[in-house]
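*Asks:* See protein_2.txt below, with compact mmCIF, N, CA and C atoms and all ligand atoms.
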```txt
# COMPACT_ATOMS: atom_id res chain seq x y z
N MET F 1 19.19 -20.15 -2.29
CA MET F 1 17.75 -19.99 -2.13
C MET F 1 17.44 -18.55 -1.70
N LYS F 2 16.41 -17.96 -2.33
CA LYS F 2 16.02 -16.60 -2.01
C LYS F 2 14.93 -16.58 -0.95
N ASN F 3 14.91 -15.49 -0.18
CA ASN F 3 13.79 -15.23 0.72
C ASN F 3 12.75 -14.41 -0.03
N LEU F 4 11.50 -14.52 0.37
CA LEU F 4 10.45 -13.71 -0.24
C LEU F 4 10.80 -12.23 -0.13
N SER F 5 11.34 -11.81 1.02
CA SER F 5 11.67 -10.39 1.21
C SER F 5 12.71 -9.90 0.21
N ASP F 6 13.53 -10.80 -0.33
CA ASP F 6 14.53 -10.41 -1.34
C ASP F 6 13.87 -9.98 -2.66
N THR F 7 12.62 -10.37 -2.87
CA THR F 7 11.95 -10.08 -4.14
C THR F 7 11.14 -8.79 -4.09
N ILE F 8 10.99 -8.21 -2.91
CA ILE F 8 10.15 -7.01 -2.77
C ILE F 8 10.93 -5.79 -3.25
N LYS F 9 10.34 -5.07 -4.22
CA LYS F 9 10.96 -3.85 -4.70
C LYS F 9 10.47 -2.68 -3.85
N HIS F 10 11.34 -1.68 -3.70
CA HIS F 10 11.08 -0.62 -2.73
C HIS F 10 10.83 0.72 -3.40
N ASP F 11 10.57 1.70 -2.55
CA ASP F 11 10.20 3.01 -3.06
C ASP F 11 11.37 3.81 -3.61
N ASP F 12 12.55 3.21 -3.72
CA ASP F 12 13.63 3.92 -4.40
C ASP F 12 13.44 3.85 -5.91
N TRP F 13 12.43 3.09 -6.38
CA TRP F 13 12.05 3.06 -7.79
C TRP F 13 11.01 4.18 -7.98
N LYS F 14 11.44 5.43 -7.84
CA LYS F 14 10.52 6.56 -7.73
C LYS F 14 9.57 6.72 -8.92
N THR F 15 10.02 6.41 -10.12
CA THR F 15 9.16 6.64 -11.28
C THR F 15 8.35 5.40 -11.65
N GLU F 16 8.41 4.37 -10.84
CA GLU F 16 7.68 3.14 -11.14
C GLU F 16 6.19 3.31 -10.84
N LYS F 17 5.36 2.66 -11.64
CA LYS F 17 3.92 2.72 -11.45
C LYS F 17 3.41 1.72 -10.43
N HIS F 18 4.28 0.88 -9.89
CA HIS F 18 3.85 -0.16 -8.97
C HIS F 18 3.98 0.20 -7.50
N VAL F 19 4.84 1.17 -7.20
CA VAL F 19 5.11 1.50 -5.80
C VAL F 19 3.85 2.08 -5.15
N PRO F 20 3.38 1.51 -4.05
CA PRO F 20 2.20 2.09 -3.40
C PRO F 20 2.52 3.47 -2.82
N THR F 21 1.55 4.37 -2.94
CA THR F 21 1.68 5.72 -2.40
C THR F 21 0.76 5.84 -1.20
N THR F 22 1.31 6.29 -0.08
CA THR F 22 0.50 6.55 1.11
C THR F 22 0.48 8.05 1.34
N GLU F 23 -0.70 8.65 1.23
CA GLU F 23 -0.86 10.08 1.44
C GLU F 23 -1.57 10.31 2.77
N ILE F 24 -0.97 11.10 3.63
CA ILE F 24 -1.63 11.50 4.88
C ILE F 24 -2.56 12.65 4.53
N LEU F 25 -3.86 12.44 4.63
CA LEU F 25 -4.84 13.45 4.25
C LEU F 25 -5.11 14.42 5.39
N SER F 26 -5.14 13.91 6.61
CA SER F 26 -5.28 14.77 7.78
C SER F 26 -4.75 14.04 9.00
N GLN F 27 -4.42 14.81 10.01
CA GLN F 27 -3.78 14.24 11.20
C GLN F 27 -4.20 15.06 12.41
N GLU F 28 -4.72 14.38 13.43
CA GLU F 28 -5.10 15.05 14.67
C GLU F 28 -4.24 14.48 15.79
N CYS F 29 -3.20 15.23 16.16
CA CYS F 29 -2.23 14.73 17.13
C CYS F 29 -2.84 14.54 18.52
N GLU F 30 -3.85 15.38 18.89
CA GLU F 30 -4.40 15.30 20.25
C GLU F 30 -5.12 13.98 20.50
N ASN F 31 -5.67 13.35 19.46
CA ASN F 31 -6.32 12.05 19.68
C ASN F 31 -5.75 10.95 18.78
N ASN F 32 -4.58 11.19 18.20
CA ASN F 32 -3.85 10.19 17.40
C ASN F 32 -4.67 9.65 16.22
N MET F 33 -5.51 10.50 15.63
CA MET F 33 -6.30 10.09 14.46
C MET F 33 -5.58 10.53 13.18
N VAL F 34 -5.53 9.62 12.24
CA VAL F 34 -4.89 9.90 10.96
C VAL F 34 -5.81 9.40 9.85
N SER F 35 -6.07 10.26 8.87
CA SER F 35 -6.80 9.86 7.67
C SER F 35 -5.80 9.77 6.53
N LEU F 36 -5.89 8.69 5.76
CA LEU F 36 -4.91 8.52 4.70
C LEU F 36 -5.51 7.81 3.50
N ARG F 37 -4.81 7.91 2.39
CA ARG F 37 -5.19 7.19 1.18
C ARG F 37 -3.97 6.40 0.73
N VAL F 38 -4.19 5.13 0.40
CA VAL F 38 -3.14 4.26 -0.14
C VAL F 38 -3.57 3.86 -1.54
N SER F 39 -2.66 4.04 -2.50
CA SER F 39 -3.01 3.72 -3.89
C SER F 39 -1.77 3.25 -4.64
N VAL F 40 -2.02 2.65 -5.78
CA VAL F 40 -0.95 2.28 -6.71
C VAL F 40 -1.25 2.99 -8.03
N GLY F 41 -0.23 3.62 -8.61
CA GLY F 41 -0.40 4.28 -9.91
C GLY F 41 -0.80 5.72 -9.81
N LYS F 42 -0.49 6.38 -8.71
CA LYS F 42 -0.88 7.80 -8.55
C LYS F 42 -0.20 8.68 -9.61
N GLU F 43 1.09 8.50 -9.81
CA GLU F 43 1.82 9.33 -10.78
C GLU F 43 1.73 8.75 -12.19
N VAL F 44 1.94 7.45 -12.31
CA VAL F 44 1.86 6.76 -13.60
C VAL F 44 0.83 5.65 -13.44
N PRO F 45 -0.33 5.77 -14.09
CA PRO F 45 -1.38 4.76 -13.90
C PRO F 45 -0.90 3.35 -14.25
N HIS F 46 -1.32 2.43 -13.42
CA HIS F 46 -1.00 1.03 -13.66
C HIS F 46 -2.12 0.41 -14.50
N PRO F 47 -1.80 -0.49 -15.44
CA PRO F 47 -2.87 -1.16 -16.20
C PRO F 47 -3.86 -1.86 -15.27
N ASN F 48 -5.09 -1.95 -15.72
CA ASN F 48 -6.13 -2.61 -14.94
C ASN F 48 -6.92 -3.53 -15.87
N THR F 49 -6.28 -4.61 -16.25
CA THR F 49 -6.92 -5.60 -17.12
C THR F 49 -6.83 -6.97 -16.45
N ASN F 50 -7.54 -7.90 -17.02
CA ASN F 50 -7.49 -9.25 -16.46
C ASN F 50 -6.07 -9.80 -16.50
N ASP F 51 -5.32 -9.46 -17.56
CA ASP F 51 -3.97 -9.99 -17.73
C ASP F 51 -2.93 -9.26 -16.88
N HIS F 52 -3.23 -8.03 -16.48
CA HIS F 52 -2.23 -7.21 -15.78
C HIS F 52 -2.95 -6.24 -14.86
N HIS F 53 -2.90 -6.51 -13.58
CA HIS F 53 -3.62 -5.67 -12.63
C HIS F 53 -3.02 -5.79 -11.23
N ILE F 54 -3.52 -4.95 -10.33
CA ILE F 54 -3.12 -4.98 -8.91
C ILE F 54 -4.25 -5.64 -8.14
N PRO F 55 -4.10 -6.90 -7.73
CA PRO F 55 -5.20 -7.56 -7.02
C PRO F 55 -5.31 -7.19 -5.55
N TRP F 56 -4.22 -6.72 -4.94
CA TRP F 56 -4.34 -6.35 -3.53
C TRP F 56 -3.26 -5.39 -3.04
N ILE F 57 -3.61 -4.69 -1.95
CA ILE F 57 -2.68 -3.85 -1.18
C ILE F 57 -2.87 -4.24 0.28
N LYS F 58 -1.78 -4.33 1.01
CA LYS F 58 -1.85 -4.53 2.46
C LYS F 58 -1.17 -3.35 3.14
N LEU F 59 -1.67 -3.02 4.32
CA LEU F 59 -1.11 -1.90 5.07
C LEU F 59 -0.75 -2.36 6.48
N PHE F 60 0.45 -1.98 6.91
CA PHE F 60 0.94 -2.33 8.24
C PHE F 60 1.37 -1.05 8.96
N PHE F 61 1.37 -1.12 10.29
CA PHE F 61 1.88 -0.01 11.10
C PHE F 61 2.93 -0.55 12.05
N LEU F 62 4.10 0.09 12.06
CA LEU F 62 5.18 -0.27 12.98
C LEU F 62 5.35 0.85 14.00
N PRO F 63 4.87 0.64 15.24
CA PRO F 63 5.05 1.67 16.27
C PRO F 63 6.54 1.90 16.54
N ASP F 64 6.89 3.12 16.92
CA ASP F 64 8.30 3.44 17.18
C ASP F 64 8.92 2.54 18.24
N ASP F 65 8.11 2.10 19.20
CA ASP F 65 8.66 1.33 20.31
C ASP F 65 8.50 -0.18 20.11
N SER F 66 8.36 -0.62 18.87
CA SER F 66 8.17 -2.05 18.60
C SER F 66 8.98 -2.50 17.40
N SER F 67 9.30 -3.77 17.36
CA SER F 67 9.97 -4.37 16.21
C SER F 67 9.01 -5.19 15.36
N PHE F 68 7.72 -5.20 15.75
CA PHE F 68 6.74 -6.06 15.09
C PHE F 68 5.65 -5.22 14.44
N PRO F 69 5.57 -5.24 13.10
CA PRO F 69 4.50 -4.50 12.43
C PRO F 69 3.14 -5.12 12.72
N VAL F 70 2.13 -4.24 12.80
CA VAL F 70 0.74 -4.66 13.02
C VAL F 70 0.00 -4.53 11.70
N GLU F 71 -0.73 -5.57 11.30
CA GLU F 71 -1.51 -5.48 10.08
C GLU F 71 -2.71 -4.57 10.32
N VAL F 72 -2.79 -3.52 9.51
CA VAL F 72 -3.88 -2.55 9.62
C VAL F 72 -5.04 -2.94 8.72
N GLY F 73 -4.72 -3.38 7.49
CA GLY F 73 -5.78 -3.74 6.57
C GLY F 73 -5.26 -4.49 5.37
N SER F 74 -6.17 -5.19 4.72
CA SER F 74 -5.87 -5.95 3.53
C SER F 74 -7.01 -5.66 2.54
N TYR F 75 -6.67 -5.13 1.36
CA TYR F 75 -7.67 -4.60 0.44
C TYR F 75 -7.55 -5.29 -0.90
N ARG F 76 -8.64 -5.88 -1.36
CA ARG F 76 -8.64 -6.62 -2.63
C ARG F 76 -9.36 -5.82 -3.70
N PHE F 77 -8.87 -5.96 -4.94
CA PHE F 77 -9.46 -5.28 -6.09
C PHE F 77 -9.69 -6.31 -7.19
N THR F 78 -10.80 -6.16 -7.89
CA THR F 78 -11.06 -7.07 -8.99
C THR F 78 -10.57 -6.43 -10.29
N SER F 79 -10.21 -7.25 -11.25
CA SER F 79 -9.83 -6.75 -12.56
C SER F 79 -11.10 -6.52 -13.38
N PRO F 80 -11.06 -5.67 -14.42
CA PRO F 80 -12.28 -5.29 -15.14
C PRO F 80 -13.05 -6.48 -15.69
N GLU F 81 -12.33 -7.49 -16.17
CA GLU F 81 -13.03 -8.59 -16.81
C GLU F 81 -13.29 -9.74 -15.83
N ALA F 82 -13.07 -9.50 -14.56
CA ALA F 82 -13.21 -10.58 -13.59
C ALA F 82 -14.67 -11.02 -13.43
N ASP F 83 -15.58 -10.11 -13.68
CA ASP F 83 -16.99 -10.49 -13.63
C ASP F 83 -17.71 -9.78 -14.78
N SER F 84 -18.97 -10.03 -14.93
CA SER F 84 -19.71 -9.48 -16.07
C SER F 84 -20.44 -8.19 -15.73
N SER F 85 -20.19 -7.60 -14.57
CA SER F 85 -20.95 -6.41 -14.15
C SER F 85 -20.45 -5.12 -14.78
N ALA F 86 -19.27 -5.15 -15.42
CA ALA F 86 -18.65 -3.96 -16.00
C ALA F 86 -18.24 -2.93 -14.94
N VAL F 87 -18.21 -3.33 -13.69
CA VAL F 87 -17.72 -2.46 -12.64
C VAL F 87 -16.21 -2.64 -12.53
N GLU F 88 -15.48 -1.52 -12.62
CA GLU F 88 -14.02 -1.59 -12.52
C GLU F 88 -13.58 -1.01 -11.18
N SER F 89 -12.64 -1.65 -10.57
CA SER F 89 -12.07 -1.11 -9.34
C SER F 89 -10.65 -0.63 -9.64
N THR F 90 -10.25 0.43 -8.97
CA THR F 90 -8.87 0.91 -9.08
C THR F 90 -8.20 0.69 -7.73
N PRO F 91 -6.91 0.47 -7.74
CA PRO F 91 -6.22 0.17 -6.47
C PRO F 91 -5.99 1.41 -5.63
N SER F 92 -7.05 1.85 -4.95
CA SER F 92 -6.99 3.03 -4.09
C SER F 92 -7.98 2.85 -2.95
N VAL F 93 -7.53 3.08 -1.73
CA VAL F 93 -8.41 2.99 -0.56
C VAL F 93 -8.15 4.17 0.36
N SER F 94 -9.21 4.64 1.01
CA SER F 94 -9.09 5.69 2.03
C SER F 94 -9.42 5.07 3.38
N ILE F 95 -8.63 5.42 4.37
CA ILE F 95 -8.73 4.78 5.68
C ILE F 95 -8.56 5.84 6.76
N GLN F 96 -9.25 5.65 7.88
CA GLN F 96 -9.02 6.48 9.05
C GLN F 96 -8.52 5.58 10.16
N LEU F 97 -7.43 5.96 10.79
CA LEU F 97 -6.80 5.13 11.82
C LEU F 97 -6.69 5.89 13.13
N HIS F 98 -6.85 5.14 14.21
CA HIS F 98 -6.50 5.64 15.53
C HIS F 98 -5.23 4.90 15.92
N LEU F 99 -4.11 5.60 15.97
CA LEU F 99 -2.82 4.95 16.20
C LEU F 99 -2.40 5.07 17.66
N PRO F 100 -1.58 4.13 18.13
CA PRO F 100 -1.12 4.20 19.53
C PRO F 100 -0.07 5.28 19.74
N GLY F 101 0.51 5.81 18.66
CA GLY F 101 1.54 6.84 18.78
C GLY F 101 2.26 6.96 17.44
N SER F 102 3.43 7.59 17.47
CA SER F 102 4.19 7.76 16.25
C SER F 102 4.75 6.43 15.75
N GLY F 103 5.02 6.39 14.45
CA GLY F 103 5.57 5.16 13.88
C GLY F 103 5.65 5.26 12.37
N THR F 104 5.66 4.11 11.73
CA THR F 104 5.82 4.04 10.28
C THR F 104 4.70 3.21 9.68
N LEU F 105 4.02 3.78 8.68
CA LEU F 105 3.03 3.03 7.91
C LEU F 105 3.75 2.39 6.73
N MET F 106 3.53 1.10 6.53
CA MET F 106 4.18 0.35 5.46
C MET F 106 3.11 -0.24 4.57
N ALA F 107 3.18 0.10 3.28
CA ALA F 107 2.22 -0.43 2.31
C ALA F 107 2.92 -1.45 1.43
N LEU F 108 2.22 -2.55 1.18
CA LEU F 108 2.73 -3.62 0.33
C LEU F 108 1.68 -3.89 -0.75
N SER F 109 2.10 -3.84 -2.01
CA SER F 109 1.17 -4.11 -3.11
C SER F 109 1.68 -5.27 -3.95
N TYR F 110 0.75 -5.85 -4.70
CA TYR F 110 1.10 -6.99 -5.55
C TYR F 110 0.56 -6.78 -6.95
N CYS F 111 1.44 -6.89 -7.94
CA CYS F 111 1.04 -6.90 -9.36
C CYS F 111 1.13 -8.34 -9.83
N ASN F 112 0.10 -8.78 -10.56
CA ASN F 112 0.10 -10.19 -10.96
C ASN F 112 1.23 -10.52 -11.94
N LEU F 113 1.83 -9.49 -12.59
CA LEU F 113 2.96 -9.74 -13.48
C LEU F 113 4.30 -9.34 -12.89
N HIS F 114 4.30 -8.30 -12.03
CA HIS F 114 5.57 -7.71 -11.61
C HIS F 114 5.86 -7.81 -10.12
N GLY F 115 5.07 -8.62 -9.41
CA GLY F 115 5.43 -8.98 -8.05
C GLY F 115 5.10 -7.96 -6.98
N LEU F 116 5.90 -8.01 -5.92
CA LEU F 116 5.64 -7.26 -4.68
C LEU F 116 6.40 -5.93 -4.67
N TRP F 117 5.70 -4.90 -4.14
CA TRP F 117 6.26 -3.55 -4.07
C TRP F 117 5.91 -2.96 -2.71
N GLN F 118 6.86 -2.22 -2.14
CA GLN F 118 6.66 -1.72 -0.79
C GLN F 118 7.11 -0.27 -0.68
N SER F 119 6.41 0.47 0.17
CA SER F 119 6.85 1.83 0.51
C SER F 119 6.47 2.09 1.95
N GLN F 120 7.01 3.14 2.52
CA GLN F 120 6.68 3.48 3.89
C GLN F 120 6.63 4.99 4.05
N VAL F 121 5.86 5.41 5.04
CA VAL F 121 5.75 6.82 5.34
C VAL F 121 5.72 6.99 6.86
N ARG F 122 6.42 7.98 7.31
CA ARG F 122 6.53 8.26 8.74
C ARG F 122 5.28 9.01 9.22
N VAL F 123 4.77 8.62 10.39
CA VAL F 123 3.68 9.35 11.03
C VAL F 123 4.20 9.82 12.38
N ASP F 124 4.31 11.14 12.51
CA ASP F 124 4.82 11.72 13.76
C ASP F 124 3.65 12.37 14.50
N LEU F 125 3.26 11.80 15.62
CA LEU F 125 2.12 12.30 16.38
C LEU F 125 2.55 13.01 17.66
N SER F 126 3.82 13.34 17.79
CA SER F 126 4.29 14.01 19.02
C SER F 126 4.05 15.50 18.96
FE FE P 1 2.43 -4.41 -13.25
```
I need this file expressed as structure tokens, please.

*Replies:*
Amino acid sequence: MKNLSDTIKHDDWKTEKHVPTTEILSQECENNMVSLRVSVGKEVPHPNTNDHHIPWIKLFFLPDDSSFPVEVGSYRFTSPEADSSAVESTPSVSIQLHLPGSGTLMALSYCNLHGLWQSQVRVDLS
């Protein structure tokens, strides 16, 4: 029997279009503020159709002094044909965080055809 975690593909698939990218846009160490963008398909665009799309990204933060990740956000995207408004969403979100200190941001994305994908980025606020 497999664990769900065994199915998650990681950021060592560097050329894959599914791996979420977390970009630190700005960082203010004096007040632990970090602005970032999390997206899927930054280098190689991912399809965005009803049959093949990224319905969600989740973001977690693991403080250096903890073994338990904290859920930062959960972001849903609709596929182009999901409604009749002709509004398309792309899997990209910008977020500003006030963090308790240094740690690791972990992004988890889901493709309706290709499953779960994860990446992480270090945030050093010292
Ligand atoms: Fe996919």

*Asks:* How far is it from atom CA of F:Leu97 to atom CA of F:Phe68, in Å with one decimal?

*Replies:*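 Computing the Euclidean distance for atom CA of F:Leu97 and atom CA of F:Phe68 yields 17.9 Å.
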
*Asks:* Return as a VMD selection string the full set of residues in chain F whose backbone-based DSSP assignment is strand (DSSP E or B).

*Replies:* chain F and resid 9 20 to 28 33 to 40 56 to 63 70 to 76 92 to 98 103 to 111 115 to 123

*Asks:* Pick out the residues no farther than 6.5 Å from ligand FE 1 (chain P), counting all atoms listed in the file, and list them as a list in words.

*Replies:*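 The residues near ligand FE 1 (chain P) are His18, His46, Pro47, His52, His53, Cys111, Asn112, Leu113, His114 and Gly115 of chain F.
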
*Asks:* Excluding F:Asp11 and its own-chain neighbours fewer than 4 positions away, which residues fall within 8 Å of it when counting only N, CA and C atoms? Please give them as a list in words.

*Replies:*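 Skipping anything fewer than 4 positions along the chain leaves Thr15, Glu16, Val19, Pro20, Trp117, Gln118, Ser119 and Gln120 of chain F.
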
*Asks:* Between atom N of F:Gln96 and atom C of F:Ser26, what distance in Å does the model show, to one decimal?

*Replies:*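 Separating atom N of F:Gln96 from atom C of F:Ser26 is a distance of 9.6 Å.
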
*Asks:* From the list F:Met1, F:Val72, F:Val123, F:Leu62, which residue is nearest F:Leu25 when using only C-alpha atoms?

*Replies:* F:Val123

*Asks:* Please report the interatomic distance between atom N of F:Met33 and atom N of F:Thr78 in Å with one decimal.

*Replies:* 29.3 Å

*Asks:* Have a look at F:Leu99, F:Leu108, F:Ser74, F:Lys17 and name the one nearest to F:Glu43; count all atoms listed in the file.

*Replies:* F:Lys17

*Asks:* Which one of F:Thr49, F:Val70, F:Gln27, F:Phe77 sits closest to F:Tyr110 if you count only C-alpha atoms?

*Replies:*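 When distances to F:Tyr110 are compared using only C-alpha atoms, the smallest one comes from F:Phe77.
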
*Asks:* Report as JSON the centre and the edge lengths, in Å to one decimal, of the axis-aligned box holding every listed atom of stretch 28-42 of chain F, padded by 6 Å on each side.

*Replies:*
```
{"center_x": -3.5, "center_y": 8.8, "center_z": 5.3, "size_x": 18.6, "size_y": 25.1, "size_z": 42.4}
```

*Asks:* Identify, on the basis of only N, CA and C atoms, every residue whose closest approach to stretch 59-61 of chain F does not exceed 8 Å; exclude the query and any residue fewer than 2 positions from it along the same chain; express the result as a VMD selection string.

*Replies:* chain F and resid 56 to 57 63 to 64 68 to 75 103 to 109

*Asks:* Limited to N, CA and C atoms, could you put the picked residues into a file as a PDB file, keeping the file's coordinate frame?

*Replies:*
```
ATOM      1  N   TRP F  56      -4.220  -6.720  -4.940  1.00  0.00           N
ATOM      2  CA  TRP F  56      -4.340  -6.350  -3.530  1.00  0.00           C
ATOM      3  C   TRP F  56      -3.260  -5.390  -3.040  1.00  0.00           C
ATOM      4  N   ILE F  57      -3.610  -4.690  -1.950  1.00  0.00           N
ATOM      5  CA  ILE F  57      -2.680  -3.850  -1.180  1.00  0.00           C
ATOM      6  C   ILE F  57      -2.870  -4.240   0.280  1.00  0.00           C
ATOM      7  N   PRO F  63       4.870   0.640  15.240  1.00  0.00           N
ATOM      8  CA  PRO F  63       5.050   1.670  16.270  1.00  0.00           C
ATOM      9  C   PRO F  63       6.540   1.900  16.540  1.00  0.00           C
ATOM     10  N   ASP F  64       6.890   3.120  16.920  1.00  0.00           N
ATOM     11  CA  ASP F  64       8.300   3.440  17.180  1.00  0.00           C
ATOM     12  C   ASP F  64       8.920   2.540  18.240  1.00  0.00           C
ATOM     13  N   PHE F  68       7.720  -5.200  15.750  1.00  0.00           N
ATOM     14  CA  PHE F  68       6.740  -6.060  15.090  1.00  0.00           C
ATOM     15  C   PHE F  68       5.650  -5.220  14.440  1.00  0.00           C
ATOM     16  N   PRO F  69       5.570  -5.240  13.100  1.00  0.00           N
ATOM     17  CA  PRO F  69       4.500  -4.500  12.430  1.00  0.00           C
ATOM     18  C   PRO F  69       3.140  -5.120  12.720  1.00  0.00           C
ATOM     19  N   VAL F  70       2.130  -4.240  12.800  1.00  0.00           N
ATOM     20  CA  VAL F  70       0.740  -4.660  13.020  1.00  0.00           C
ATOM     21  C   VAL F  70       0.000  -4.530  11.700  1.00  0.00           C
ATOM     22  N   GLU F  71      -0.730  -5.570  11.300  1.00  0.00           N
ATOM     23  CA  GLU F  71      -1.510  -5.480  10.080  1.00  0.00           C
ATOM     24  C   GLU F  71      -2.710  -4.570  10.320  1.00  0.00           C
ATOM     25  N   VAL F  72      -2.790  -3.520   9.510  1.00  0.00           N
ATOM     26  CA  VAL F  72      -3.880  -2.550   9.620  1.00  0.00           C
ATOM     27  C   VAL F  72      -5.040  -2.940   8.720  1.00  0.00           C
ATOM     28  N   GLY F  73      -4.720  -3.380   7.490  1.00  0.00           N
ATOM     29  CA  GLY F  73      -5.780  -3.740   6.570  1.00  0.00           C
ATOM     30  C   GLY F  73      -5.260  -4.490   5.370  1.00  0.00           C
ATOM     31  N   SER F  74      -6.170  -5.190   4.720  1.00  0.00           N
ATOM     32  CA  SER F  74      -5.870  -5.950   3.530  1.00  0.00           C
ATOM     33  C   SER F  74      -7.010  -5.660   2.540  1.00  0.00           C
ATOM     34  N   TYR F  75      -6.670  -5.130   1.360  1.00  0.00           N
ATOM     35  CA  TYR F  75      -7.670  -4.600   0.440  1.00  0.00           C
ATOM     36  C   TYR F  75      -7.550  -5.290  -0.900  1.00  0.00           C
ATOM     37  N   GLY F 103       5.020   6.390  14.450  1.00  0.00           N
ATOM     38  CA  GLY F 103       5.570   5.160  13.880  1.00  0.00           C
ATOM     39  C   GLY F 103       5.650   5.260  12.370  1.00  0.00           C
ATOM     40  N   THR F 104       5.660   4.110  11.730  1.00  0.00           N
ATOM     41  CA  THR F 104       5.820   4.040  10.280  1.00  0.00           C
ATOM     42  C   THR F 104       4.700   3.210   9.680  1.00  0.00           C
ATOM     43  N   LEU F 105       4.020   3.780   8.680  1.00  0.00           N
ATOM     44  CA  LEU F 105       3.030   3.030   7.910  1.00  0.00           C
ATOM     45  C   LEU F 105       3.750   2.390   6.730  1.00  0.00           C
ATOM     46  N   MET F 106       3.530   1.100   6.530  1.00  0.00           N
ATOM     47  CA  MET F 106       4.180   0.350   5.460  1.00  0.00           C
ATOM     48  C   MET F 106       3.110  -0.240   4.570  1.00  0.00           C
ATOM     49  N   ALA F 107       3.180   0.100   3.280  1.00  0.00           N
ATOM     50  CA  ALA F 107       2.220  -0.430   2.310  1.00  0.00           C
ATOM     51  C   ALA F 107       2.920  -1.450   1.430  1.00  0.00           C
ATOM     52  N   LEU F 108       2.220  -2.550   1.180  1.00  0.00           N
ATOM     53  CA  LEU F 108       2.730  -3.620   0.330  1.00  0.00           C
ATOM     54  C   LEU F 108       1.680  -3.890  -0.750  1.00  0.00           C
ATOM     55  N   SER F 109       2.100  -3.840  -2.010  1.00  0.00           N
ATOM     56  CA  SER F 109       1.170  -4.110  -3.110  1.00  0.00           C
ATOM     57  C   SER F 109       1.680  -5.270  -3.950  1.00  0.00           C
TER      58      SER F 109
END
```
